[in-house]
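Data first, discussion second: the structure below is written as structure tokens.
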Amino acid sequence: MGSPTKKRPTKRGKKAAADAESQSTKLERWKDRVSHARKVRTDWETTYQVTRCANYFLGHQVERSRTTKDKVFNHIRTTVRTMLPNLFYATPKFYVRVQPGLKAPAEERASATGESVLESIGNQDQNLKRSASLAVLQAFWRIGVLKQVYDPKLEPNPQQGEPIYLQDAEGQVKKDELGNPIPMKNAITGETVTEPPDVLTDEVYRYDFVNAANLLLPDEGPDMQKWTWIGEEITVSLEEAKADTRFPKEYRDAFVANATDASDGSSKRTARATSELDQQFKYVECWDHVGKRRLIFADGQTCNDFLVDEWLPDGVEDNPYAILNLGDPILEPDPCPWPVPYIKPWLDPQDDYNIARKMISEGSKRAARKGFYTDNTFASADEQAKMASADDMTLVKVNDLKDIPTFPNEPNLSMDIYQSGNLALADYRMITGQPGTRQGITSSGTATEAGLVERSANLRDAADQGSINSWLSEAGSKMFQLVKSTLTMDMWVKLRSFSDTEVLRHVERNYGVPSEQLSMMMEQTPGLKAMLQERIGKDSWRKITREELTFEADVTIVPGSARPHNLDNERRAWMELLKLIGSFPQLALSRELLKRTATMVGDGLIDDRMIDELMALAQKMVEINAKQAGRDQGGANPEAGTGSTAGQPDLAAMMAGISGMQGG
């Protein structure tokens, strides 16, 4: 018999084998990337003492043990707590600027719609304020990370099979001439659309805080625009992982606990995984910027394949993370994606100050007067107690004069010890850039010196505030992109009130009244402006659909909206502004000038509505001044000198008023 012939593999079999080999090679390549990213993170943590920075903030500043009873004077925590309110205090206000393509007034209402959507999401359960506060705090020794999340919920529909009726813009069911509700028809088949079996009852858009210790960054330098991928290590319960429908069912059924204590991939289980309910499942989620794919895989499983390998979800351009870097970037000699921890330079002066204070504390204890005596020194315990009496001429009876208590002389502490503490504190304040006045410490310097120090500190704060604003703008931009790409349920939001200009355009668009004519009517008819503002311009709740968000926009942060407001300074600046406008109303006739003034006087002090009010008030004042000048025959004012004439502002007084407002 001849030897059996071997079957040649078919083309389909060859393609399947090549695809399997390619997928396996791809998985190994991504595992190598993740392993290298973990090593980069671990080396950075060791070199720049990240754990020590976190411990110093917590007050664990003694190297021997956390349980030591040595005193710690934690200036680091105090400084961070002093800086935080000036960096992030309240939920920020987003400003949406529509890119060219829409025409007014659609452009203005689209901006208001986008701003209302972002404000509604950020204020829901205060998730933006809570998550951003944690991220900003962690950015002092690592980086701050916000993640934009879309988490829809499906539930059984109790109205399954019932017809769906058409609704108007206010959510009311439309009716025909006979008063019957009008059902919604399928545009292709003409059949009545009915309620589905499952409904999306709760669409959750939120900002999540991501622990930066779980983030994986590529070894591609500090420029985030050049990163080709980014990843995150996510740990969930084993039960939750098995219920995650993103993973194939055959893989989920074979999942085993794989959470580890360290990030080096060791097989040691965590102490929490003591029972089956407490077992943890750890997987890696990577976002490929080049291939535009999301990849999920886990170590220690029987399946040697990606759990998820798909295109980027709708609304995600590269990745859903907004990263805040407060520390300095590491550019050379070995560029690193992680920055220098912000508080690392604070550690050494903090150590020196703790040492000096410990020496002073111990020296003070030794300097307290102490005496030596024997059992036969005092005649009784009462006589011994008299040694601590505060009364003058107190007599103490002893058994023998030879046994009189002796008191050794302890030398006083050297002044160098006190000087070293003062030097350490001065170095600490210079390195942190925070003057003592911000921490409630008085200074013996002059007012000029205090002003210069405060100005220097403000410059440092301005740089950090710029980083915070850019970071929040990126988070808001990614959230807006996510919402307009995934919104399926109508979202109820509160639209801000119309400005006077928007009211004019709204009436012109809907009722055909020219804006110039309506403006004249509003000037001649008292109460018309207030009536229109009440009817169509006040704050209102509106249901937003996905179609209303189909426009390109730039999302930024209203400067200073996330910082606390100083009421005294704002009140002083506001009164100076009103005084200046009252003296020279011509200044308020320029909208651009008022907008520029709004950014200089105070954040949120002057909005569009207030600008319209100031312009209308200034117009009235100019008209009154003109009429008064006409009755007085106009001309030059002989008592005003050569620098001022009737109806013209005094430039010197005007500049003095502007300088006073800026100083306030």
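Identifiers for the structure tokens are assigned positionally: chains receive A, B, ... in sequence, residues are indexed from 1 per chain, and ligands are indexed from 1 in the order shown.
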### Task
With a distance cut-off of 8 Å and only C-alpha atoms, select the neighbouring residues of segment 229-235 of chain A, excluding the residue or stretch itself and same-chain residues fewer than 4 positions from it, and output the selection as a list in words.
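What passes the distance filter is Val34, Asn214, Leu215, Leu216, Leu217, Pro218, Ala259, Gln280, Phe281, Lys282, Tyr283, Val284, Glu285, Cys286, Trp287, Asp288, His289, Val290 and Asn319 of chain A.
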### Selection: 7 Å around Asn127 of chain A, only C-alpha atoms, excl. self and same-chain fewer than 4 positions, as a PyMOL selection string
chain A and resi 122-123+131+206-207
Just want the 9 Å neighbourhood of Ser111 of chain A, counted on only C-alpha atoms, with same-chain residues fewer than 6 positions away dropped. Output as a PDB file with N, CA, C and O atoms, in the first residue's frame.
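Listing of out_11.pdb after writing:
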ATOM      1  N   TYR A  95     -17.958  77.599  28.356  1.00  0.00           N
ATOM      2  CA  TYR A  95     -18.306  78.548  27.310  1.00  0.00           C
ATOM      3  C   TYR A  95     -18.160  77.832  25.975  1.00  0.00           C
ATOM      4  O   TYR A  95     -17.067  77.369  25.624  1.00  0.00           O
ATOM      5  N   VAL A  96     -19.258  77.716  25.235  1.00  0.00           N
ATOM      6  CA  VAL A  96     -19.284  77.011  23.951  1.00  0.00           C
ATOM      7  C   VAL A  96     -19.312  78.047  22.838  1.00  0.00           C
ATOM      8  O   VAL A  96     -20.251  78.854  22.755  1.00  0.00           O
ATOM      9  N   ARG A  97     -18.307  78.033  22.017  1.00  0.00           N
ATOM     10  CA  ARG A  97     -18.225  78.954  20.885  1.00  0.00           C
ATOM     11  C   ARG A  97     -18.394  78.146  19.605  1.00  0.00           C
ATOM     12  O   ARG A  97     -17.567  77.300  19.262  1.00  0.00           O
ATOM     13  N   VAL A  98     -19.501  78.411  18.899  1.00  0.00           N
ATOM     14  CA  VAL A  98     -19.815  77.668  17.682  1.00  0.00           C
ATOM     15  C   VAL A  98     -18.847  78.059  16.582  1.00  0.00           C
ATOM     16  O   VAL A  98     -18.600  79.241  16.339  1.00  0.00           O
ATOM     17  N   ALA A 553     -17.992  72.939  17.683  1.00  0.00           N
ATOM     18  CA  ALA A 553     -17.834  74.025  18.651  1.00  0.00           C
ATOM     19  C   ALA A 553     -16.527  73.863  19.399  1.00  0.00           C
ATOM     20  O   ALA A 553     -15.995  72.758  19.532  1.00  0.00           O
TER      21      ALA A 553
END
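Among the candidates A:Arg142, A:Lys242, A:Arg366, A:Arg77, the one nearest to Trp44 of chain A when counting only C-alpha atoms is A:Arg142.
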#### Entry: Minimum-distance residue to Phe57 of chain A, chosen among A:Lys358, A:Lys402, A:Lys344, A:Arg369 (using only C-alpha atoms)
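Smallest distance to Phe57 of chain A is found for A:Lys344.
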### Task
Would you please work out which residue, of A:Ala356, A:Leu312, A:Leu580, A:Leu401, is nearest to Ile417 of chain A when using only C-alpha atoms?
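For Ile417 of chain A, the nearest of the given residues is A:Ala356.
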### Task
Show which residues sit within 8 Å of segment 175-183 of chain A, as a ChimeraX atom specification. Count only C-alpha atoms, and ignore same-chain residues fewer than 4 positions away.
/A:163-166,192-193
### Task
Enumerate, as a list of chain:residue names, the complete set of residues in segment 236-418 of chain A that a backbone-based DSSP assignment places in strand (DSSP E).
A:Val236, A:Ser237, A:Gln280, A:Phe281, A:Lys282, A:Tyr283, A:Val284, A:Glu285, A:Cys286, A:Trp287, A:Asp288, A:Arg293, A:Arg294, A:Leu295, A:Ile296, A:Phe297, A:Val308, A:Asp309, A:Glu310, A:Trp311, A:Tyr321, A:Ala322, A:Ile323, A:Leu324
#### Entry: Every residue of segment 113-183 of chain A that DSSP places in helix (DSSP H, G or I), as an MDAnalysis selection string
chainID A and resid 113:138
